[in-house]
>>> print(open('input.cif').read())   # mmCIF, C-alpha atoms
data_final
loop_
_atom_site.label_atom_id
_atom_site.label_comp_id
_atom_site.auth_asym_id
_atom_site.auth_seq_id
_atom_site.Cartn_x
_atom_site.Cartn_y
_atom_site.Cartn_z
CA MET A 1 -24.19 -10.54 37.85
CA ASN A 2 -27.02 -8.38 39.09
CA ILE A 3 -29.52 -7.44 36.35
CA TRP A 4 -29.24 -3.70 36.99
CA LEU A 5 -25.46 -3.87 36.97
CA THR A 6 -25.57 -5.70 33.64
CA MET A 7 -27.97 -3.10 32.22
CA LEU A 8 -25.71 -0.28 33.40
CA GLY A 9 -22.82 -1.99 31.61
CA MET A 10 -24.94 -2.30 28.45
CA ALA A 11 -25.85 1.39 28.70
CA PHE A 12 -22.20 2.32 29.20
CA VAL A 13 -20.86 0.46 26.14
CA THR A 14 -23.76 1.65 23.97
CA TYR A 15 -23.34 5.28 24.96
CA SER A 16 -19.57 5.05 24.59
CA VAL A 17 -19.68 4.05 20.92
CA ARG A 18 -22.21 6.80 20.23
CA VAL A 19 -20.37 9.61 22.01
CA LEU A 20 -16.69 8.74 21.47
CA PRO A 21 -16.33 9.90 17.87
CA LEU A 22 -18.07 13.19 18.69
CA VAL A 23 -15.95 14.15 21.70
CA ALA A 24 -12.68 12.29 21.15
CA VAL A 25 -11.88 13.99 17.86
CA ARG A 26 -11.10 17.65 18.52
CA VAL A 27 -10.20 18.76 15.02
CA LYS A 28 -12.51 18.88 12.03
CA PRO A 29 -11.85 15.97 9.66
CA GLY A 30 -9.54 16.87 6.79
CA PRO A 31 -10.67 16.81 3.16
CA GLY A 32 -9.30 13.28 2.60
CA PHE A 33 -11.16 11.78 5.53
CA GLU A 34 -14.21 13.85 4.65
CA GLN A 35 -14.16 12.18 1.23
CA VAL A 36 -14.23 8.74 2.87
CA LEU A 37 -17.04 9.72 5.23
CA ARG A 38 -19.29 10.68 2.34
CA TYR A 39 -19.81 6.96 1.68
CA VAL A 40 -20.85 6.06 5.22
CA PRO A 41 -24.59 6.70 4.66
CA PRO A 42 -25.09 4.56 1.52
CA ALA A 43 -22.95 1.79 3.05
CA VAL A 44 -24.79 1.86 6.39
CA PHE A 45 -28.20 1.85 4.69
CA ALA A 46 -27.30 -1.04 2.38
CA ALA A 47 -25.81 -3.08 5.25
CA LEU A 48 -29.02 -2.59 7.25
CA ILE A 49 -31.37 -3.26 4.32
CA VAL A 50 -29.98 -6.10 2.23
CA PRO A 51 -29.72 -8.91 4.85
CA GLU A 52 -33.26 -8.16 6.08
CA PHE A 53 -34.71 -8.91 2.65
CA ILE A 54 -32.36 -11.64 1.38
CA ILE A 55 -31.42 -13.71 4.44
CA PRO A 56 -33.89 -12.67 7.17
CA GLN A 57 -33.59 -16.07 8.88
CA GLY A 58 -29.87 -16.43 8.31
CA LYS A 59 -30.13 -18.42 5.08
CA PHE A 60 -31.36 -17.59 1.61
CA GLU A 61 -34.88 -18.57 0.58
CA PHE A 62 -37.56 -17.18 -1.72
CA SER A 63 -39.49 -15.84 1.25
CA PRO A 64 -42.32 -13.28 1.32
CA ALA A 65 -39.73 -10.84 2.72
CA PHE A 66 -37.56 -11.38 -0.36
CA PHE A 67 -40.32 -10.51 -2.85
CA ALA A 68 -41.76 -7.75 -0.64
CA GLY A 69 -38.24 -6.34 -0.56
CA ILE A 70 -37.96 -6.32 -4.37
CA ILE A 71 -41.34 -4.60 -4.64
CA GLY A 72 -40.58 -2.14 -1.83
CA VAL A 73 -37.14 -1.18 -3.16
CA THR A 74 -38.58 -0.72 -6.67
CA VAL A 75 -41.24 1.64 -5.31
CA ALA A 76 -38.58 3.46 -3.27
CA TRP A 77 -36.47 3.84 -6.41
CA ARG A 78 -39.32 5.06 -8.62
CA THR A 79 -41.12 7.34 -6.15
CA GLN A 80 -38.70 8.10 -3.25
CA ASN A 81 -41.91 8.32 -1.25
CA MET A 82 -41.76 6.95 2.30
CA ALA A 83 -45.48 6.26 2.80
CA LEU A 84 -45.92 4.59 -0.60
CA THR A 85 -42.83 2.43 -0.10
CA ILE A 86 -43.87 1.18 3.33
CA LEU A 87 -47.42 0.58 2.11
CA ALA A 88 -46.24 -1.35 -0.97
CA GLY A 89 -43.75 -3.46 1.00
CA ILE A 90 -46.01 -4.33 3.92
CA SER A 91 -49.12 -5.03 1.84
CA SER A 92 -47.23 -7.20 -0.65
CA PHE A 93 -45.74 -9.10 2.31
CA ALA A 94 -49.24 -9.66 3.70
CA VAL A 95 -50.57 -10.92 0.36
CA LEU A 96 -47.51 -13.11 -0.34
CA ARG A 97 -47.74 -14.71 3.09
CA LEU A 98 -51.21 -16.03 2.18
CA PHE A 99 -49.75 -17.97 -0.75
CA MET A 100 -46.26 -18.93 0.44
CA MET B 1 -42.14 62.90 15.43
CA THR B 2 -42.05 62.25 11.73
CA ILE B 3 -39.91 59.66 10.01
CA PRO B 4 -37.29 61.35 7.86
CA PRO B 5 -37.46 60.38 4.19
CA THR B 6 -34.05 58.72 4.40
CA GLY B 7 -34.85 56.71 7.53
CA ASP B 8 -33.24 53.41 8.56
CA SER B 9 -33.01 50.71 5.93
CA SER B 10 -35.94 48.65 7.21
CA SER B 11 -38.49 51.38 6.48
CA ARG B 12 -37.12 52.04 3.05
CA PRO B 13 -39.10 50.58 0.13
CA ARG B 14 -37.42 47.54 -1.37
CA PRO B 15 -35.39 48.30 -4.49
CA ALA B 16 -36.74 46.74 -7.66
CA ALA B 17 -33.73 44.43 -7.94
CA LEU B 18 -34.52 42.84 -4.58
CA ASN B 19 -38.14 42.30 -5.56
CA ALA B 20 -37.00 40.56 -8.71
CA ALA B 21 -34.78 38.32 -6.59
CA THR B 22 -37.76 37.40 -4.39
CA ALA B 23 -39.78 36.55 -7.47
CA THR B 24 -37.16 34.05 -8.67
CA GLU B 25 -36.82 32.64 -5.17
CA ASN B 26 -40.51 31.78 -5.27
CA LEU B 27 -39.78 29.32 -8.05
CA ASN B 28 -37.52 27.50 -5.63
CA PRO B 29 -39.63 24.98 -3.67
CA ASP B 30 -37.48 25.48 -0.56
CA PRO B 31 -36.58 29.18 -0.31
CA PRO B 32 -33.99 30.19 2.29
CA THR B 33 -35.47 31.70 5.43
CA GLU B 34 -32.78 34.29 6.10
CA THR B 35 -35.30 37.02 6.93
CA SER B 36 -36.86 35.10 9.83
CA PRO B 37 -35.55 35.72 13.37
CA ASP B 38 -32.83 33.36 14.57
CA ASN B 39 -34.97 31.53 17.11
CA VAL B 40 -37.64 30.47 14.60
CA LYS B 41 -35.39 28.39 12.35
CA PRO B 42 -34.17 25.83 14.90
CA ARG B 43 -37.69 25.48 16.24
CA SER B 44 -39.17 24.73 12.85
CA GLU B 45 -36.25 22.38 12.12
CA PHE B 46 -36.96 20.58 15.38
CA ILE B 47 -40.57 20.10 14.27
CA GLN B 48 -39.41 18.95 10.83
CA GLY B 49 -37.21 16.38 12.56
CA VAL B 50 -40.17 15.13 14.58
CA ILE B 51 -42.29 14.87 11.42
CA GLY B 52 -39.49 13.19 9.48
CA SER B 53 -39.22 10.49 12.12
CA LEU B 54 -42.96 9.72 12.30
CA PRO B 55 -43.00 6.98 9.60
CA LEU B 56 -40.49 5.02 11.69
CA TRP B 57 -42.95 4.89 14.58
CA LEU B 58 -44.76 2.24 12.56
CA GLY B 59 -41.71 0.02 12.93
CA ILE B 60 -40.74 1.05 16.47
CA ILE B 61 -44.11 0.36 18.10
CA PRO B 62 -44.27 -3.37 17.25
CA PHE B 63 -40.53 -3.64 17.93
CA GLY B 64 -41.00 -2.12 21.42
CA LEU B 65 -43.93 -4.44 22.11
CA ALA B 66 -41.84 -7.44 21.01
CA TYR B 67 -38.95 -6.38 23.26
CA SER B 68 -41.27 -5.89 26.21
CA LEU B 69 -42.72 -9.35 25.73
CA ALA B 70 -39.29 -10.99 25.27
CA ALA B 71 -37.93 -9.31 28.40
CA LYS B 72 -40.99 -10.36 30.39
CA THR B 73 -40.56 -13.95 29.18
CA ALA B 74 -36.92 -13.74 30.28
CA GLY B 75 -38.13 -13.04 33.81
CA LEU B 76 -37.38 -9.32 34.04
CA ASN B 77 -39.77 -7.27 36.15
CA PRO B 78 -41.56 -4.19 34.76
CA PHE B 79 -39.06 -1.76 36.33
CA GLU B 80 -36.14 -3.61 34.75
CA ILE B 81 -37.91 -3.79 31.37
CA GLN B 82 -38.67 -0.06 31.23
CA GLY B 83 -35.31 0.70 32.86
CA MET B 84 -33.42 -1.04 30.08
CA SER B 85 -35.30 1.02 27.46
CA LEU B 86 -34.57 4.24 29.34
CA LEU B 87 -30.89 3.52 30.02
CA VAL B 88 -29.62 1.39 27.14
CA TYR B 89 -31.94 2.70 24.41
CA ALA B 90 -30.88 0.30 21.66
CA GLY B 91 -33.70 -1.84 20.30
CA ALA B 92 -31.85 -4.71 18.66
CA ALA B 93 -29.40 -5.05 21.55
CA GLN B 94 -32.23 -5.03 24.10
CA LEU B 95 -34.07 -7.77 22.24
CA ILE B 96 -30.94 -9.91 21.99
CA ALA B 97 -30.07 -9.26 25.64
CA SER B 98 -33.54 -10.43 26.65
CA GLY B 99 -32.86 -13.75 24.96
CA LEU B 100 -29.52 -13.98 26.77
CA PHE B 101 -31.08 -13.12 30.13
CA ALA B 102 -33.60 -15.90 29.50
CA SER B 103 -30.82 -18.41 28.83
CA GLY B 104 -29.04 -17.35 32.01
CA ALA B 105 -25.98 -15.99 30.21
CA PRO B 106 -23.44 -14.23 32.45
CA GLY B 107 -23.70 -10.44 32.67
CA LEU B 108 -20.30 -9.79 31.14
CA SER B 109 -21.14 -11.74 27.99
CA ILE B 110 -24.43 -9.81 27.65
CA ILE B 111 -22.47 -6.55 27.87
CA LEU B 112 -19.97 -7.80 25.28
CA VAL B 113 -22.72 -8.82 22.84
CA THR B 114 -24.34 -5.39 23.33
CA LEU B 115 -21.04 -3.75 22.44
CA ILE B 116 -20.69 -5.85 19.28
CA VAL B 117 -24.27 -5.18 18.19
CA ASN B 118 -23.91 -1.43 18.71
CA LEU B 119 -20.34 -0.97 17.49
CA ARG B 120 -21.71 0.26 14.14
CA HIS B 121 -22.90 3.42 15.91
CA ILE B 122 -19.28 4.58 15.92
CA LEU B 123 -19.78 5.32 12.22
CA PHE B 124 -22.75 7.61 12.89
CA GLY B 125 -20.95 10.12 15.10
CA THR B 126 -17.94 10.01 12.79
CA SER B 127 -20.04 10.68 9.71
CA LEU B 128 -21.75 13.66 11.42
CA LEU B 129 -18.49 15.18 12.76
CA THR B 130 -18.44 18.13 10.37
CA ALA B 131 -22.17 18.80 10.57
CA LEU B 132 -22.03 18.93 14.38
CA ALA B 133 -18.58 20.54 14.68
CA HIS B 134 -19.88 23.93 15.81
CA LEU B 135 -21.89 22.53 18.74
CA LYS B 136 -20.71 22.92 22.32
CA TRP B 137 -19.31 19.75 23.92
CA TRP B 138 -22.27 19.31 26.29
CA GLN B 139 -24.66 19.53 23.36
CA LYS B 140 -22.77 16.70 21.63
CA VAL B 141 -22.69 14.70 24.85
CA LEU B 142 -26.48 14.96 25.19
CA LEU B 143 -27.22 14.39 21.53
CA ALA B 144 -25.03 11.28 21.33
CA TYR B 145 -27.38 9.50 23.73
CA GLY B 146 -30.03 9.26 21.00
CA LEU B 147 -27.80 8.54 18.03
CA THR B 148 -29.59 5.35 16.92
CA ASP B 149 -29.88 3.81 13.44
CA GLU B 150 -33.24 5.50 12.97
CA ALA B 151 -32.23 8.99 14.18
CA TYR B 152 -29.11 8.86 12.00
CA ALA B 153 -31.05 7.58 8.99
CA VAL B 154 -33.66 10.33 9.18
CA SER B 155 -31.15 13.14 9.65
CA VAL B 156 -27.87 12.34 7.90
CA ARG B 157 -28.75 13.69 4.47
CA LYS B 158 -30.42 16.85 5.82
CA LEU B 159 -27.41 17.63 8.01
CA THR B 160 -24.57 16.76 5.66
CA GLN B 161 -26.23 18.60 2.76
CA LYS B 162 -26.77 21.58 5.09
CA GLN B 163 -30.51 21.52 4.40
CA ALA B 164 -31.08 21.59 8.16
CA GLY B 165 -29.14 22.15 11.35
CA PRO B 166 -28.67 19.94 14.44
CA ALA B 167 -32.16 20.94 15.65
CA PHE B 168 -33.56 18.57 13.02
CA LEU B 169 -31.58 15.69 14.52
CA VAL B 170 -32.68 16.67 18.04
CA GLY B 171 -36.33 16.64 16.91
CA ALA B 172 -35.93 13.16 15.45
CA ILE B 173 -34.13 11.91 18.58
CA VAL B 174 -36.78 13.24 20.99
CA SER B 175 -39.59 11.77 18.91
CA LEU B 176 -37.92 8.36 18.52
CA TYR B 177 -36.89 8.16 22.18
CA LEU B 178 -40.40 8.95 23.41
CA CYS B 179 -41.88 6.45 20.97
CA TRP B 180 -39.51 3.70 22.18
CA GLN B 181 -40.37 4.40 25.85
CA ALA B 182 -44.11 4.52 25.12
CA SER B 183 -44.08 1.28 23.14
CA THR B 184 -42.07 -0.48 25.86
CA PHE B 185 -44.64 0.72 28.38
CA LEU B 186 -47.52 -0.30 26.12
CA GLY B 187 -45.99 -3.78 25.97
CA LEU B 188 -46.02 -3.93 29.77
CA LEU B 189 -49.70 -2.93 29.84
CA LEU B 190 -50.75 -5.36 27.11
CA GLY B 191 -48.87 -8.26 28.64
CA GLY B 192 -49.08 -11.43 26.60
CA VAL B 193 -51.84 -10.42 24.20
CA ILE B 194 -49.40 -9.01 21.63
CA PRO B 195 -49.56 -10.46 18.13
CA ASP B 196 -46.20 -11.49 16.64
CA PRO B 197 -45.14 -8.45 14.57
CA THR B 198 -43.30 -10.65 12.06
CA THR B 199 -46.58 -12.23 10.88
CA LEU B 200 -47.71 -8.73 9.87
CA GLY B 201 -44.39 -7.95 8.18
CA LEU B 202 -43.85 -4.90 10.40
CA GLN B 203 -40.19 -5.84 10.88
CA LEU B 204 -39.83 -4.71 7.26
CA VAL B 205 -40.71 -1.09 8.08
CA PHE B 206 -37.06 -0.30 8.89
CA PRO B 207 -35.41 -1.74 5.76
CA LEU B 208 -38.24 -0.29 3.63
CA SER B 209 -37.85 3.22 5.00
CA PHE B 210 -34.05 2.96 4.84
CA SER B 211 -34.42 2.06 1.12
CA VAL B 212 -36.09 5.41 0.50
CA MET B 213 -33.26 7.16 2.34
CA LEU B 214 -30.64 5.22 0.35
CA MET B 215 -31.90 6.28 -3.09
CA PRO B 216 -30.43 9.83 -3.22
CA TYR B 217 -26.97 8.32 -2.66
CA LEU B 218 -27.24 6.04 -5.70
CA LYS B 219 -27.08 8.76 -8.35
CA LEU B 220 -23.35 8.33 -8.94
CA GLY B 221 -21.06 5.34 -9.46
CA PRO B 222 -19.10 5.50 -6.19
CA GLY B 223 -22.31 5.66 -4.14
CA GLN B 224 -23.69 2.67 -6.02
CA ALA B 225 -20.44 0.78 -5.46
CA ALA B 226 -20.51 1.59 -1.74
CA ALA B 227 -24.07 0.29 -1.38
CA LEU B 228 -23.46 -2.80 -3.51
CA ALA B 229 -20.29 -3.73 -1.64
CA ALA B 230 -21.90 -3.07 1.75
CA GLY B 231 -24.89 -5.27 0.92
CA ALA B 232 -22.73 -8.11 -0.42
CA LEU B 233 -20.28 -7.91 2.50
CA ALA B 234 -23.10 -7.86 5.06
CA ILE B 235 -24.66 -10.96 3.47
CA ALA B 236 -21.32 -12.77 3.32
CA ALA B 237 -20.46 -11.85 6.91
CA LYS B 238 -23.85 -12.92 8.23
CA LEU B 239 -23.69 -16.26 6.37
CA LEU B 240 -20.06 -17.05 7.15
CA LEU B 241 -19.55 -15.56 10.61
CA GLY B 242 -23.09 -15.58 11.98
CA GLY B 243 -23.47 -13.41 15.05
CA ASN B 244 -23.85 -9.68 14.95
CA TRP B 245 -20.76 -8.30 13.26
CA TYR B 246 -22.28 -8.19 9.78
CA ILE B 247 -23.76 -4.67 9.81
CA LEU B 248 -20.49 -3.10 10.91
CA ILE B 249 -18.45 -5.19 8.46
CA GLY B 250 -20.77 -4.34 5.56
CA ALA B 251 -20.97 -0.64 6.42
CA ALA B 252 -17.22 -0.17 6.97
CA GLY B 253 -16.27 -2.22 3.89
CA GLY B 254 -18.82 -0.44 1.70
CA THR B 255 -17.56 2.97 2.83
CA ILE B 256 -14.00 2.08 1.81
CA VAL B 257 -15.11 0.63 -1.54
CA GLY B 258 -17.10 3.81 -2.32
CA PHE B 259 -14.05 5.94 -1.58
CA LEU B 260 -11.72 3.73 -3.66
CA VAL B 261 -14.08 3.77 -6.64
CA GLU B 262 -14.30 7.56 -6.44
CA LYS B 263 -10.50 7.86 -6.36
CA LYS B 264 -10.12 5.48 -9.27
CA SER B 265 -12.71 7.31 -11.40
CA LYS B 266 -10.77 10.56 -10.91
CA LEU B 267 -7.46 9.16 -12.16
#
>>> encode(input="input.cif", output="C-alpha cells")
Amino acid sequence: MNIWLTMLGMAFVTYSVRVLPLVAVRVKPGPGFEQVLRYVPPAVFAALIVPEFIIPQGKFEFSPAFFAGIIGVTVAWRTQNMALTILAGISSFAVLRLFM
Amino acid sequence: MTIPPTGDSSSRPRPAALNAATATENLNPDPPTETSPDNVKPRSEFIQGVIGSLPLWLGIIPFGLAYSLAAKTAGLNPFEIQGMSLLVYAGAAQLIASGLFASGAPGLSIILVTLIVNLRHILFGTSLLTALAHLKWWQKVLLAYGLTDEAYAVSVRKLTQKQAGPAFLVGAIVSLYLCWQASTFLGLLLGGVIPDPTTLGLQLVFPLSFSVMLMPYLKLGPGQAAALAAGALAIAAKLLLGGNWYILIGAAGGTIVGFLVEKKSKL
C-alpha cells in the first residue's frame, strides 16, 4: 500500500478513537457512569507509568530506570513538584547508568 | 452633568461586608476571578495550559528526534516524515509504524497496530465528557485532534475539578502539537547526528511527570486501588501478551477496580 494512503489510514483510526466518545454520546453521563469515570485518570497514569519503570525492556531487571523510578516517584509523592521530580529522576538515572 | 448620589451600583462605594469578603478571599491562594471581563478568563487559562505543558517538552523533543531518525532509517522522505507528524500526531504509534515501514509490513497491518496502540485514547474523551459537555460540536471535533496522553494528563484534573475551563486544554494541545512538529522538523535538519535519548534517560520524562499528576488521586482508598490494579494489570498484560494492549488493559481494569472498591467501602 502507498505510504501516504497508509498514513491517512493511521490518521483516521487515531482521530476516530479520540473524537468518537466526544461526539457519539449526546447525553451527559449519568451519576453512576460519572462515578466510574472518576477512576480513569489514576488508572491511566498508573498504566502509563509502572511498566516504564519496572519492565522497560519487556522483562524485569534491576535497571537504572527501576531505581530512578523509585527515586522519582518518591520525590513526586513528597513534593508534588514537576521540575524537582524530573530533575531527581533523570539525574539519578544518569548517575546509576555509570555504575550499572 | 453631575452624578446623582444614588447613581448606578458600580459607582457606589462598596459596603463594608463586601470589603470583608475580599479580605478573606485574599487568604485564598487562588481567588475566583468573577470580576474580570469574560474574555480575559479563557485567555489566561489558555496561557496557563501552555505553561502547564512546558515540562513535557523536555520529553517530547528527544522523542520527536528519535521518531524522525527512525522514519528516515525506514526510508521515508522528509515530506512523509513531517506529514505523518502533522496528520497522525501520535508519538508512540508513529515510532512503531516507522519500525513496521522499515520491515516492509503491509499498510493494513500498520493501520491496525496504530489503532491498537491508540485505542486507550477512547478513555480520554470519555473521561472529559462532562467537563466538555457545554462545548459546541465543532469545538469538540477540533479539540479531539490533539487529545494525546500528554494533553489529557496536563488538563484532566484542572478540568474535572472545575479549576479551569476547556481553554486550558486548548492551550496545552496547541503547545504540545507545535512542539511535536518542531521536534520532528529538527530531527530532519539534524539528520543522523542525534544522540540516543535513552542513554540520557529522557524517555523517563513522561512517566516521571505523570507520577506527579497521579499523586492527587492517591489520597483515598479507591484511587489507590485503581492505580495499584492498573499498574499490576499493565505489567501482567505486557509480560503475558506482549504487544501494545497493556496500557488500555491496565487503564480500563484499574478504572473498574477503583469503582468497585468505592462501592464496597460505602456498603
>>> residues_around(input="input.cif", residues="B:Asp149", least_positions_apart="4", cutoff="10 Å", atoms="only C-alpha atoms", output="ChimeraX atom specification")
/A:44-45,48 /B:90-91,118,120-121,124,153-154,206,210
>>> resolve_selection(input="input.cif", expression="the PyMOL selection byres ((chain B) within 7 of (chain A))", output="PyMOL selection string")
chain B and resi 84+87-88+106-107+111+114-115+118-119+121-122+125-127+129-130+133+137+140-141+144-145+147+200-202+205+207-212+214-215+217+223+226-227+230-231+234-235+238-239+247+250-251+254-256+258-259
>>> atom_distance(input="input.cif", atom1="atom CA of B:Leu186", atom2="atom CA of B:Leu65")
6.8 Å
>>> axis_aligned_box(input="input.cif", around="stretch 88-91 of chain A", padding_each_side="4 Å", output="lines of an AutoDock Vina configuration file")
center_x = -46.4
center_y = -3.2
center_z = 1.5
size_x = 13.4
size_y = 11.7
size_z = 12.9
>>> atom_distance(input="input.cif", atom1="atom CA of B:Cys179", atom2="atom CA of B:Ile81")
15.1 Å
